[in-house]
Every structure is written in C-alpha cells, then in structure tokens.
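Novice: Contents of start27.cif (mmCIF, C-alpha atoms) are below:
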data_entry
loop_
_atom_site.group_PDB
_atom_site.id
_atom_site.type_symbol
_atom_site.label_atom_id
_atom_site.label_comp_id
_atom_site.auth_asym_id
_atom_site.auth_seq_id
_atom_site.Cartn_x
_atom_site.Cartn_y
_atom_site.Cartn_z
ATOM 1 C CA MET A 1 126.139 179.760 39.392
ATOM 2 C CA GLY A 2 127.391 183.294 39.450
ATOM 3 C CA VAL A 3 128.292 185.577 42.313
ATOM 4 C CA MET A 4 128.980 188.808 40.457
ATOM 5 C CA ARG A 5 130.443 191.178 43.031
ATOM 6 C CA LEU A 6 130.297 192.746 46.453
ATOM 7 C CA GLY A 7 126.987 194.579 46.533
ATOM 8 C CA ARG A 8 126.547 196.098 49.966
ATOM 9 C CA VAL A 9 127.627 196.303 53.568
ATOM 10 C CA GLU A 10 125.351 197.144 56.478
ATOM 11 C CA VAL A 11 127.130 198.594 59.500
ATOM 12 C CA ARG A 12 126.114 199.790 62.940
ATOM 13 C CA VAL A 13 126.797 203.388 63.953
ATOM 14 C CA THR A 14 126.333 204.994 67.354
ATOM 15 C CA ASP A 15 124.996 208.339 66.105
ATOM 16 C CA LEU A 16 123.011 208.127 62.878
ATOM 17 C CA LYS A 17 122.770 211.879 62.286
ATOM 18 C CA GLN A 18 126.526 212.393 62.733
ATOM 19 C CA SER A 19 127.281 209.390 60.545
ATOM 20 C CA ILE A 20 124.994 210.619 57.759
ATOM 21 C CA ASP A 21 126.899 213.912 57.759
ATOM 22 C CA TYR A 22 130.258 212.094 57.644
ATOM 23 C CA TYR A 23 129.403 209.667 54.840
ATOM 24 C CA SER A 24 127.698 212.447 52.850
ATOM 25 C CA ASN A 25 130.240 215.230 53.208
ATOM 26 C CA VAL A 26 133.577 213.600 54.054
ATOM 27 C CA ILE A 27 133.342 210.351 52.098
ATOM 28 C CA GLY A 28 131.043 211.964 49.535
ATOM 29 C CA LEU A 29 128.392 209.274 49.110
ATOM 30 C CA GLN A 30 124.853 210.020 47.963
ATOM 31 C CA LEU A 31 122.149 209.658 50.618
ATOM 32 C CA MET A 32 119.348 207.812 48.843
ATOM 33 C CA ALA A 33 116.817 207.413 51.661
ATOM 34 C CA GLN A 34 116.158 207.133 55.377
ATOM 35 C CA GLU A 35 113.596 204.656 56.627
ATOM 36 C CA ASN A 36 112.950 202.666 59.810
ATOM 37 C CA GLY A 37 116.148 203.792 61.493
ATOM 38 C CA ARG A 38 118.373 203.082 58.505
ATOM 39 C CA ALA A 39 120.187 205.365 56.065
ATOM 40 C CA TYR A 40 120.919 204.127 52.543
ATOM 41 C CA PHE A 41 123.875 205.385 50.491
ATOM 42 C CA LYS A 42 125.371 204.780 47.065
ATOM 43 C CA ALA A 43 128.617 205.920 45.474
ATOM 44 C CA TRP A 44 128.282 208.193 42.473
ATOM 45 C CA ASP A 45 129.158 205.645 39.756
ATOM 46 C CA GLU A 46 127.030 202.796 41.125
ATOM 47 C CA ASP A 47 123.782 201.885 39.378
ATOM 48 C CA ASP A 48 122.118 200.073 42.292
ATOM 49 C CA HIS A 49 120.045 201.938 44.868
ATOM 50 C CA HIS A 50 122.587 201.491 47.666
ATOM 51 C CA SER A 51 125.841 199.839 48.633
ATOM 52 C CA LEU A 52 126.097 201.083 52.234
ATOM 53 C CA ILE A 53 123.405 200.850 54.907
ATOM 54 C CA LEU A 54 123.823 202.530 58.289
ATOM 55 C CA VAL A 55 121.731 201.477 61.281
ATOM 56 C CA GLU A 56 121.912 203.140 64.687
ATOM 57 C CA ALA A 57 123.016 200.920 67.574
ATOM 58 C CA ASP A 58 124.906 201.093 70.870
ATOM 59 C CA HIS A 59 128.146 199.814 69.307
ATOM 60 C CA PRO A 60 129.755 199.823 65.837
ATOM 61 C CA GLY A 61 130.426 196.831 63.595
ATOM 62 C CA LEU A 62 129.173 194.786 60.672
ATOM 63 C CA VAL A 63 125.509 193.737 60.469
ATOM 64 C CA HIS A 64 125.827 191.868 57.184
ATOM 65 C CA VAL A 65 127.676 191.775 53.895
ATOM 66 C CA GLY A 66 125.790 191.153 50.658
ATOM 67 C CA PHE A 67 127.029 189.755 47.357
ATOM 68 C CA LYS A 68 124.958 190.133 44.210
ATOM 69 C CA VAL A 69 124.279 187.088 42.020
ATOM 70 C CA ARG A 70 123.673 187.132 38.297
ATOM 71 C CA ARG A 71 120.100 185.767 38.212
ATOM 72 C CA GLU A 72 117.240 185.485 40.712
ATOM 73 C CA GLU A 73 116.884 181.717 40.242
ATOM 74 C CA GLU A 74 120.459 181.222 41.444
ATOM 75 C CA LEU A 75 119.316 181.932 44.988
ATOM 76 C CA ASP A 76 117.592 178.534 45.057
ATOM 77 C CA ARG A 77 120.687 176.817 43.692
ATOM 78 C CA PHE A 78 123.006 178.483 46.165
ATOM 79 C CA GLU A 79 120.614 177.699 49.016
ATOM 80 C CA LYS A 80 120.737 174.017 48.101
ATOM 81 C CA ALA A 81 124.515 174.020 47.639
ATOM 82 C CA LEU A 82 125.084 175.709 51.004
ATOM 83 C CA GLU A 83 122.760 173.319 52.829
ATOM 84 C CA GLU A 84 124.513 170.337 51.232
ATOM 85 C CA TYR A 85 127.792 171.827 52.482
ATOM 86 C CA GLY A 86 126.346 171.853 56.003
ATOM 87 C CA VAL A 87 125.412 175.537 56.275
ATOM 88 C CA ARG A 88 122.051 176.603 57.702
ATOM 89 C CA VAL A 89 120.350 179.047 55.326
ATOM 90 C CA GLY A 90 117.486 181.473 55.979
ATOM 91 C CA ARG A 91 115.413 183.687 53.704
ATOM 92 C CA VAL A 92 115.075 187.460 53.711
ATOM 93 C CA SER A 93 111.706 188.580 52.357
ATOM 94 C CA LYS A 94 111.351 191.130 49.589
ATOM 95 C CA GLY A 95 110.908 194.578 51.101
ATOM 96 C CA GLU A 96 112.462 193.762 54.471
ATOM 97 C CA ARG A 97 114.883 196.570 53.640
ATOM 98 C CA LEU A 98 114.176 199.461 51.314
ATOM 99 C CA ALA A 99 114.546 198.888 47.550
ATOM 100 C CA GLU A 100 115.652 195.244 47.962
ATOM 101 C CA GLY A 101 114.201 191.960 46.760
ATOM 102 C CA GLN A 102 114.535 188.635 48.511
ATOM 103 C CA ALA A 103 117.865 187.228 49.666
ATOM 104 C CA ILE A 104 119.296 184.149 51.291
ATOM 105 C CA ARG A 105 121.158 184.621 54.579
ATOM 106 C CA PHE A 106 123.764 182.458 56.311
ATOM 107 C CA THR A 107 126.613 182.733 58.799
ATOM 108 C CA LEU A 108 130.242 182.230 57.833
ATOM 109 C CA PRO A 109 132.520 180.002 59.963
ATOM 110 C CA THR A 110 134.212 183.206 61.179
ATOM 111 C CA GLY A 111 130.823 184.451 62.454
ATOM 112 C CA GLN A 112 129.796 187.184 60.008
ATOM 113 C CA VAL A 113 126.347 187.218 58.406
ATOM 114 C CA MET A 114 126.411 187.039 54.602
ATOM 115 C CA GLU A 115 123.561 187.480 52.163
ATOM 116 C CA LEU A 116 123.209 186.635 48.494
ATOM 117 C CA TYR A 117 120.674 188.585 46.457
ATOM 118 C CA HIS A 118 119.819 189.640 42.936
ATOM 119 C CA GLU A 119 116.926 192.098 42.938
ATOM 120 C CA ILE A 120 117.502 195.720 43.918
ATOM 121 C CA GLU A 121 116.197 198.975 42.498
ATOM 122 C CA ARG A 122 118.593 200.492 39.956
ATOM 123 C CA PRO A 123 118.365 204.281 39.616
ATOM 124 C CA GLY A 124 121.668 204.442 37.704
ATOM 125 C CA ASN A 125 124.573 206.839 38.013
ATOM 126 C CA GLY A 126 122.836 209.835 36.440
ATOM 127 C CA LEU A 127 125.501 210.517 33.812
ATOM 128 C CA LYS A 128 124.097 211.958 30.585
ATOM 129 C CA LEU A 129 127.134 211.090 28.482
ATOM 130 C CA ASN A 130 129.530 208.180 28.517
ATOM 131 C CA PRO A 131 132.352 208.886 28.968
ATOM 132 C CA ASP A 132 131.532 211.710 31.332
ATOM 133 C CA PRO A 133 134.364 212.246 33.820
ATOM 134 C CA TYR A 134 132.455 213.185 36.976
ATOM 135 C CA PRO A 135 129.067 214.614 37.907
ATOM 136 C CA ALA A 136 129.129 218.321 38.728
ATOM 137 C CA ASN A 137 127.819 218.055 42.280
ATOM 138 C CA LEU A 138 130.357 215.698 43.904
ATOM 139 C CA LYS A 139 131.407 216.332 47.492
ATOM 140 C CA GLY A 140 134.211 215.048 49.671
ATOM 141 C CA ILE A 141 136.408 212.141 48.602
ATOM 142 C CA ALA A 142 133.696 210.953 46.177
ATOM 143 C CA PRO A 143 134.728 207.337 45.495
ATOM 144 C CA PRO A 144 133.092 205.801 42.410
ATOM 145 C CA HIS A 145 132.153 202.528 44.113
ATOM 146 C CA LEU A 146 132.410 200.235 47.110
ATOM 147 C CA ASP A 147 135.463 198.013 46.695
ATOM 148 C CA HIS A 148 135.979 195.312 49.366
ATOM 149 C CA LEU A 149 135.907 194.421 53.037
ATOM 150 C CA LEU A 150 138.143 192.541 55.457
ATOM 151 C CA ILE A 151 136.621 190.361 58.172
ATOM 152 C CA SER A 152 138.202 188.473 61.061
ATOM 153 C CA GLY A 153 137.689 185.224 62.912
ATOM 154 C CA ASP A 154 139.395 182.127 64.182
ATOM 155 C CA ASP A 155 138.423 179.770 61.361
ATOM 156 C CA VAL A 156 140.098 181.476 58.410
ATOM 157 C CA LYS A 157 140.367 178.181 56.549
ATOM 158 C CA GLY A 158 136.698 177.326 57.103
ATOM 159 C CA THR A 159 135.427 180.620 55.690
ATOM 160 C CA THR A 160 137.951 180.511 52.847
ATOM 161 C CA ASP A 161 136.942 176.957 51.915
ATOM 162 C CA LEU A 162 133.227 177.820 51.970
ATOM 163 C CA LEU A 163 133.691 180.875 49.774
ATOM 164 C CA MET A 164 135.885 179.014 47.303
ATOM 165 C CA ASN A 165 134.159 175.624 47.240
ATOM 166 C CA VAL A 166 130.516 176.739 47.307
ATOM 167 C CA LEU A 167 130.473 180.308 45.991
ATOM 168 C CA ASP A 168 133.368 179.861 43.524
ATOM 169 C CA PHE A 169 135.599 182.644 44.817
ATOM 170 C CA HIS A 170 139.250 182.567 43.732
ATOM 171 C CA MET A 171 142.335 183.298 45.812
ATOM 172 C CA SER A 172 144.811 186.021 44.890
ATOM 173 C CA GLU A 173 147.029 185.989 47.999
ATOM 174 C CA GLN A 174 147.441 184.140 51.276
ATOM 175 C CA VAL A 175 149.455 184.594 54.443
ATOM 176 C CA ILE A 176 150.905 181.535 56.169
ATOM 177 C CA LEU A 177 152.563 182.156 59.523
ATOM 178 C CA GLN A 178 154.121 179.313 61.525
ATOM 179 C CA GLU A 179 152.517 176.878 59.075
ATOM 180 C CA GLU A 180 149.002 178.236 59.778
ATOM 181 C CA LEU A 181 146.735 179.915 57.235
ATOM 182 C CA THR A 182 146.422 183.394 58.752
ATOM 183 C CA ALA A 183 144.846 185.508 55.999
ATOM 184 C CA THR A 184 143.339 185.030 52.548
ATOM 185 C CA PHE A 185 142.407 187.490 49.804
ATOM 186 C CA LEU A 186 139.553 186.303 47.588
ATOM 187 C CA PHE A 187 137.928 187.696 44.466
ATOM 188 C CA ARG A 188 135.032 187.253 42.059
ATOM 189 C CA THR A 189 135.664 190.333 39.931
ATOM 190 C CA ASN A 190 138.796 191.622 38.195
ATOM 191 C CA THR A 191 140.348 192.967 41.387
ATOM 192 C CA THR A 192 142.788 191.541 43.902
ATOM 193 C CA HIS A 193 140.066 190.979 46.498
ATOM 194 C CA ASP A 194 136.367 191.499 47.009
ATOM 195 C CA ILE A 195 136.667 190.053 50.504
ATOM 196 C CA ALA A 196 139.600 189.171 52.746
ATOM 197 C CA VAL A 197 139.634 187.005 55.860
ATOM 198 C CA ILE A 198 142.185 187.423 58.648
ATOM 199 C CA LYS A 199 142.909 185.606 61.893
ATOM 200 C CA GLY A 200 141.374 187.564 64.744
ATOM 201 C CA PRO A 201 138.282 187.873 66.933
ATOM 202 C CA ASP A 202 135.176 186.098 65.639
ATOM 203 C CA ALA A 203 132.370 187.924 63.846
ATOM 204 C CA LYS A 204 134.303 191.182 63.571
ATOM 205 C CA LEU A 205 134.983 193.739 60.862
ATOM 206 C CA HIS A 206 138.459 195.102 60.252
ATOM 207 C CA HIS A 207 137.496 197.567 57.515
ATOM 208 C CA PHE A 208 135.438 198.203 54.421
ATOM 209 C CA ALA A 209 136.942 200.041 51.485
ATOM 210 C CA PHE A 210 135.959 202.416 48.715
ATOM 211 C CA ALA A 211 137.691 202.432 45.340
ATOM 212 C CA LEU A 212 139.597 205.384 43.920
ATOM 213 C CA ASN A 213 141.038 205.641 40.438
ATOM 214 C CA SER A 214 144.641 206.707 41.012
ATOM 215 C CA TRP A 215 147.421 207.571 43.457
ATOM 216 C CA ASP A 216 146.572 211.244 42.898
ATOM 217 C CA ASP A 217 143.029 210.508 44.091
ATOM 218 C CA VAL A 218 144.408 208.757 47.188
ATOM 219 C CA LEU A 219 146.571 211.803 47.993
ATOM 220 C CA ARG A 220 143.600 214.106 47.426
ATOM 221 C CA ALA A 221 141.593 211.922 49.835
ATOM 222 C CA GLY A 222 144.362 212.355 52.402
ATOM 223 C CA ASP A 223 144.152 216.123 52.001
ATOM 224 C CA TRP A 224 140.380 216.046 52.428
ATOM 225 C CA LEU A 225 140.608 213.873 55.553
ATOM 226 C CA ALA A 226 143.167 216.259 57.061
ATOM 227 C CA ARG A 227 141.027 219.283 56.214
ATOM 228 C CA ASN A 228 138.150 217.658 58.094
ATOM 229 C CA ASN A 229 140.322 216.588 61.043
ATOM 230 C CA ILE A 230 139.811 212.869 60.402
ATOM 231 C CA ALA A 231 142.716 211.040 62.014
ATOM 232 C CA HIS A 232 144.578 208.629 59.740
ATOM 233 C CA ASP A 233 145.089 205.095 60.973
ATOM 234 C CA GLU A 234 147.762 204.559 58.299
ATOM 235 C CA GLY A 235 148.856 206.054 54.998
ATOM 236 C CA PRO A 236 148.888 207.330 52.357
ATOM 237 C CA THR A 237 151.085 204.353 51.496
ATOM 238 C CA ARG A 238 151.268 201.117 49.545
ATOM 239 C CA HIS A 239 150.513 197.548 50.570
ATOM 240 C CA GLY A 240 152.863 194.715 49.711
ATOM 241 C CA VAL A 241 149.902 192.338 49.773
ATOM 242 C CA THR A 242 147.706 193.185 46.727
ATOM 243 C CA ARG A 243 150.034 196.105 45.707
ATOM 244 C CA GLY A 244 147.214 198.466 46.681
ATOM 245 C CA LEU A 245 147.564 202.206 47.346
ATOM 246 C CA THR A 246 145.776 203.040 50.555
ATOM 247 C CA ILE A 247 144.708 205.229 53.452
ATOM 248 C CA TYR A 248 142.979 203.849 56.562
ATOM 249 C CA PHE A 249 140.884 206.003 58.884
ATOM 250 C CA PHE A 250 137.853 205.729 61.191
ATOM 251 C CA ASP A 251 134.276 206.923 60.880
ATOM 252 C CA PRO A 252 132.765 208.772 63.884
ATOM 253 C CA SER A 253 131.547 205.480 65.419
ATOM 254 C CA GLY A 254 134.911 203.719 65.128
ATOM 255 C CA ASN A 255 134.323 201.621 62.008
ATOM 256 C CA ARG A 256 137.558 201.553 60.008
ATOM 257 C CA ASN A 257 137.276 202.857 56.448
ATOM 258 C CA GLU A 258 139.788 202.565 53.630
ATOM 259 C CA VAL A 259 140.251 204.231 50.278
ATOM 260 C CA PHE A 260 142.014 201.903 47.859
ATOM 261 C CA SER A 261 143.491 202.151 44.389
ATOM 262 C CA GLY A 262 145.741 200.048 42.200
ATOM 263 C CA GLY A 263 146.473 196.377 42.633
ATOM 264 C CA TYR A 264 146.273 194.041 39.668
ATOM 265 C CA ALA A 265 143.686 192.007 37.734
ATOM 266 C CA PRO A 266 143.962 188.261 38.473
ATOM 267 C CA GLY A 267 141.974 185.646 36.583
ATOM 268 C CA PRO A 268 140.391 182.380 37.752
ATOM 269 C CA ASP A 269 143.628 180.510 36.954
ATOM 270 C CA PHE A 270 145.807 182.942 38.928
ATOM 271 C CA ILE A 271 148.512 181.296 41.062
ATOM 272 C CA PRO A 272 148.072 182.748 44.575
ATOM 273 C CA VAL A 273 150.893 184.786 46.058
ATOM 274 C CA THR A 274 152.020 183.273 49.373
ATOM 275 C CA TRP A 275 153.478 185.405 52.171
ATOM 276 C CA THR A 276 155.427 183.949 55.089
ATOM 277 C CA GLU A 277 157.119 185.468 58.152
ATOM 278 C CA GLU A 278 160.269 186.314 56.204
ATOM 279 C CA ARG A 279 158.594 189.068 54.164
ATOM 280 C CA PHE A 280 155.070 189.637 55.476
ATOM 281 C CA PHE A 281 155.933 191.619 58.604
ATOM 282 C CA THR A 282 158.543 193.755 56.851
ATOM 283 C CA ARG A 283 156.953 194.517 53.460
ATOM 284 C CA GLY A 284 153.593 192.736 53.293
ATOM 285 C CA ILE A 285 151.301 195.026 55.246
ATOM 286 C CA PHE A 286 152.788 198.479 54.633
ATOM 287 C CA TYR A 287 155.447 198.302 51.981
ATOM 288 C CA HIS A 288 157.039 201.728 52.400
ATOM 289 C CA ARG A 289 157.455 201.865 56.164
ATOM 290 C CA GLY A 290 158.163 198.154 56.555
ATOM 291 C CA GLU A 291 156.099 197.735 59.729
ATOM 292 C CA SER A 292 152.553 198.065 61.035
ATOM 293 C CA ASN A 293 151.174 200.036 63.952
ATOM 294 C CA GLU A 294 149.680 198.082 66.869
ATOM 295 C CA ARG A 295 146.237 199.641 66.381
ATOM 296 C CA PHE A 296 145.994 198.257 62.842
ATOM 297 C CA SER A 297 146.406 194.700 64.132
ATOM 298 C CA THR A 298 144.211 194.936 67.239
ATOM 299 C CA VAL A 299 141.238 197.248 66.551
ATOM 300 C CA PHE A 300 138.152 195.535 65.115
ATOM 301 C CA THR A 301 134.456 196.405 65.316
#
Please go through the file and, once you have read it, give me the structure as structure tokens.
Specialist:
Amino acid sequence: MGVMRLGRVEVRVTDLKQSIDYYSNVIGLQLMAQENGRAYFKAWDEDDHHSLILVEADHPGLVHVGFKVRREEELDRFEKALEEYGVRVGRVSKGERLAEGQAIRFTLPTGQVMELYHEIERPGNGLKLNPDPYPANLKGIAPPHLDHLLISGDDVKGTTDLLMNVLDFHMSEQVILQEELTATFLFRTNTTHDIAVIKGPDAKLHHFAFALNSWDDVLRAGDWLARNNIAHDEGPTRHGVTRGLTIYFFDPSGNRNEVFSGGYAPGPDFIPVTWTEERFFTRGIFYHRGESNERFSTVFT
C-alpha cells in the first residue's frame, strides 16, 4: 500500500474575499476555481488541480488534511486496515468537492480529520520546457508546492502509531520531555516531515507550510512579507529540529503559515533523531536565537 505524499489541506477562513487576495498576491498561489463557498488553489509547480482549499467560517482552523495514495484500489485496502486497527472510516463521494474523486475519511487520535484519495484532476504546471526555471507570471512569494503541516493534540503517541503502523509513515525526529513523547516528525517522501504531531490542544492546527528552494528564497519571502505588512511570528531563521530554514507568519484569519527550505532526505531505514530537555529548548526550535516566543507555543487554530 502506498501513501505517496501530502496532497491538500482545507482550512477555514473568516473572510473569503480577503483570504483569496492574500493567498493569490502575497503567497502567490494560483486560484483555480470558486464554487459552493470554497476557493481552490494550487502552487505553480504542482500538477494536481489544488492543494489548498479555503472555506468561509466564523473561526479559522483545519477542516481536513488529505494524503494522496498511489492507486485507486488502495482506498479499499486502507479502509480495511484502518477498521481492523479500530478506526471508524467513512466515504467521501466523487464530486463532493470540485475536481476530486472519492476518498476515505477518518479521525486521528489527536482529533483532526484525515482523508486518503487518489483521483483528482491534473491540469499540470503549464511549463513548456523542462527545465524551465519559473513561469513568467508569478506573483508574491510563489512557492513551488505545499510542503507539510503540524497538528496538535493530547495523544501524540496514538496518532504517531496509527500513521506509522497503518499508513507506513517513517519517523525522522522525536521530542521526549520528562520521559513523555511530546512531538514527532513523520515522512512518506524524501523530506524530513510531511506531517508533524505536537502535544497541545486536541483537533488543532499549528501551521501548514509551503516549500521554497533556497535560503535566498526564504529571505526574499521575508522581504515580500514586510513589503505587504504581514507580521512575522518568527524568522527568518533555522530550526534545530529538521535543520529547516523558515519564516512563520499568519494569514488574515489567524491561520499560521510557514515557508520552509532545506532539511535533509531520510530514507525508510533512517534512525530517528531524539531531542530531550537538554538541547530542545535551547537549540531545537529556533537554532540561532536559542529560545522560542510564547506565541509560537500557545497559538493554534
């Protein structure tokens, strides 16, 4: 069975029109469609129809996260495996959301809704040549693709075990504080994490992240955020955990965004890096400054 990668996140926003402007012109995503109160976006180098869905609501936060599987028939196999593991699974019909086929839907022990799917329309990235550095009409930060998300909840071990034992995720790093598993960083692709789970309030989102190619791109993103008066939550800086280069900031509704570059490429046999109190609070979160701001540890949506 094959989970390929993070495919999409659906998030609530409190002002759809304002959010469309922000994700189009500040982040620099491509607005693919609006339908039934939702806006669908893709990054410029993604082939699938969308990787970000916005839906208007009275509060921000994560609606669902979707991971793409290699073949359609694997949905049946994963449904059976999840039910045997003790997880209740539902079905999402083809066409329930624009450009999407059917999916299976379940709730993680930390409370977030996850979907697995295969079918989605694939308009491509529009490049006429390969390699072709960038399309001519890019705006804003213009990340090439969605990268990862970090979710929170009380049962970090339960969600980690489900993702690893049923969906065959692998662990790159873990945080153990006072002998308790406090955070895990899990991957299916050749990146340090496609999803991370941290101790915190149930069913919440800490952030979702877009990939950039280099430290220069991260600095350019910082310039663009400043030019548009988008307040930084943290960065530009480097993480100790994952070695990533990063900036954190908030969309107009309060959902935390990240741009992320760097890290390393672990394989399935990678020996996880373990962080404990001795180093995590001084160099694990923000390596350069050696400490974290209170907002970073307490604000979730």
Novice: Mind pulling up the distance from atom CA of A:Ala209 to atom CA of A:Val259?
Specialist: 5.5 Å
Novice: What's around A:Arg5 at 7 Å? Count only C-alpha atoms, leave out sequence neighbours fewer than 6 positions away in its own chain, and write the answer as a list in words.
Specialist: Phe67, Lys68, Arg188 and Thr189 of chain A
Novice: Skipping near chain neighbours, those fewer than 5 positions away, what residues fall within 10 Å of A:Phe281 using all atoms listed in the file, listed as JSON, numbers by chain?
Specialist: {"A": [240, 275, 276, 286, 287, 290, 291, 292]}
Novice: Could you tell me how far atom CA of A:Leu181 sits from atom CA of A:Ile198, in Å to one decimal place?
Specialist: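 So the two atoms, atom CA of A:Ile198 and atom CA of A:Leu181, lie 8.9 Å apart.
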Novice: Could you list, as a list in words, every residue matched by the PyMOL selection byres ((chain A and resi 135) around 12) in this structure?
Specialist: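 Applied to this file, the PyMOL selection byres ((chain A and resi 135) around 12) selects Gln30, Ala43, Trp44, Asp45, Asn125, Gly126, Leu127, Lys128, Leu129, Asn130, Pro131, Asp132, Pro133, Tyr134, Ala136, Asn137, Leu138, Lys139, Ala142, Pro143 and Pro144 of chain A.
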Novice: Quick one, how far is atom CA of A:Ala211 from atom CA of A:Asp154?
Specialist: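 Atom CA of A:Asp154 lies at a distance of 27.8 Å from atom CA of A:Ala211.
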Novice: Would you list the contacts of A:Gln102 as an MDAnalysis selection string, taking every protein, DNA or RNA residue within 12 Å and counting only C-alpha atoms, but skipping same-chain residues closer than 3 positions in sequence?
Specialist: chainID A and resid 66 68:69 72:76 90:99 105 115:120
Novice: Taking the file as shown, what set of residues would the PyMOL selection byres ((chain A and resi 301) around 7) give back, as a ChimeraX atom specification?
Specialist: /A:60-61,204-206,255,299-300
Novice: Please enumerate the residues selected by the PyMOL selection byres ((chain A and resi 19) around 12) when evaluated against the supplied file, formatted as JSON, numbers by chain.
Specialist: {"A": [11, 12, 13, 14, 15, 16, 17, 18, 20, 21, 22, 23, 24, 25, 26, 27, 28, 29, 31, 38, 39, 40, 41, 52, 53, 54, 55, 56, 57, 60, 250, 251, 252, 253, 254, 255]}
Novice: Quick one: of A:Ala203, A:Asp147, A:Ala226, A:Glu79, who's nearest to A:Val63, counting only C-alpha atoms?
Specialist: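 Among the listed residues, the smallest separation from A:Val63 belongs to A:Ala203.
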Novice: Residues near A:Thr274, anyone? I mean within 12 Å using all atoms listed in the file, not counting same-chain ones fewer than 2 positions away, as a PyMOL selection string.
Specialist: chain A and resi 171-177+179-185+240-242+271-272+276-280+284
Novice: Nearest to A:Lys157 among A:Pro109, A:Gly263, A:Gly37, A:Gly140, with distances taken over all atoms listed in the file: which residue is it?
Specialist: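 Among A:Pro109, A:Gly263, A:Gly37, A:Gly140, it is A:Pro109 that comes nearest to A:Lys157.
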Novice: Can you report as JSON the centre and edge lengths in Å, to one decimal, of an axis-aligned box around the listed atoms of stretch 285-289 of chain A padded with 5 Å on each side?
Specialist:
{"center_x": 154.4, "center_y": 198.4, "center_z": 54.1, "size_x": 16.2, "size_y": 16.8, "size_z": 14.2}
Novice: Which residue, A:Ser51, A:Thr237, A:Gln34, A:Asn293, has the smallest gap to A:Leu146 when you use only C-alpha atoms?
Specialist: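 Smallest separation from A:Leu146 among the options: A:Ser51.
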Novice: Which residues, written as a short mmCIF file (atom, residue, chain, number, x, y, z; two decimals) with C-alpha atoms, in the coordinates of the input, have at least one atom at most 7 Å from stretch 215-220 of chain A, with only C-alpha atoms counted and residues fewer than 6 positions away on the same chain left out?
Specialist:
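Printed below is selection-v9.cif as written:
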data_model
loop_
_atom_site.label_atom_id
_atom_site.label_comp_id
_atom_site.auth_asym_id
_atom_site.auth_seq_id
_atom_site.Cartn_x
_atom_site.Cartn_y
_atom_site.Cartn_z
CA PRO A 236 148.89 207.33 52.36
CA LEU A 245 147.56 202.21 47.35
CA THR A 246 145.78 203.04 50.56
CA VAL A 259 140.25 204.23 50.28
CA SER A 261 143.49 202.15 44.39
#
Novice: At a cut-off of 10 Å around the point (131.3, 183.2, 42.0) (file coordinates), what residues fall inside when counting only C-alpha atoms? I'd like the answer as a list in words.
Specialist: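 Using only C-alpha atoms, the matching residues come out as Met1, Gly2, Val3, Met4, Arg5, Phe67, Lys68, Val69, Arg70, Leu163, Met164, Asn165, Val166, Leu167, Asp168, Phe169, His170, Phe187, Arg188 and Thr189 of chain A.
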Novice: Nearest to A:Leu162: which of A:Asp223, A:Glu84, A:Asp202, A:Glu121 is it, counting only C-alpha atoms?
Specialist: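 Once distances to A:Leu162 are computed over only C-alpha atoms, the minimum belongs to A:Glu84.
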Novice: Between A:Met114, A:Leu150, A:Ile141, A:Ile195, which is the closest to A:Leu225 once you count only C-alpha atoms?
Specialist: A:Ile141
Novice: Choose the residue, out of A:Met32, A:Val65, A:Val197, A:Ile151, that has the smallest atom-to-atom separation from A:Arg122; count only C-alpha atoms.
Specialist: A:Met32
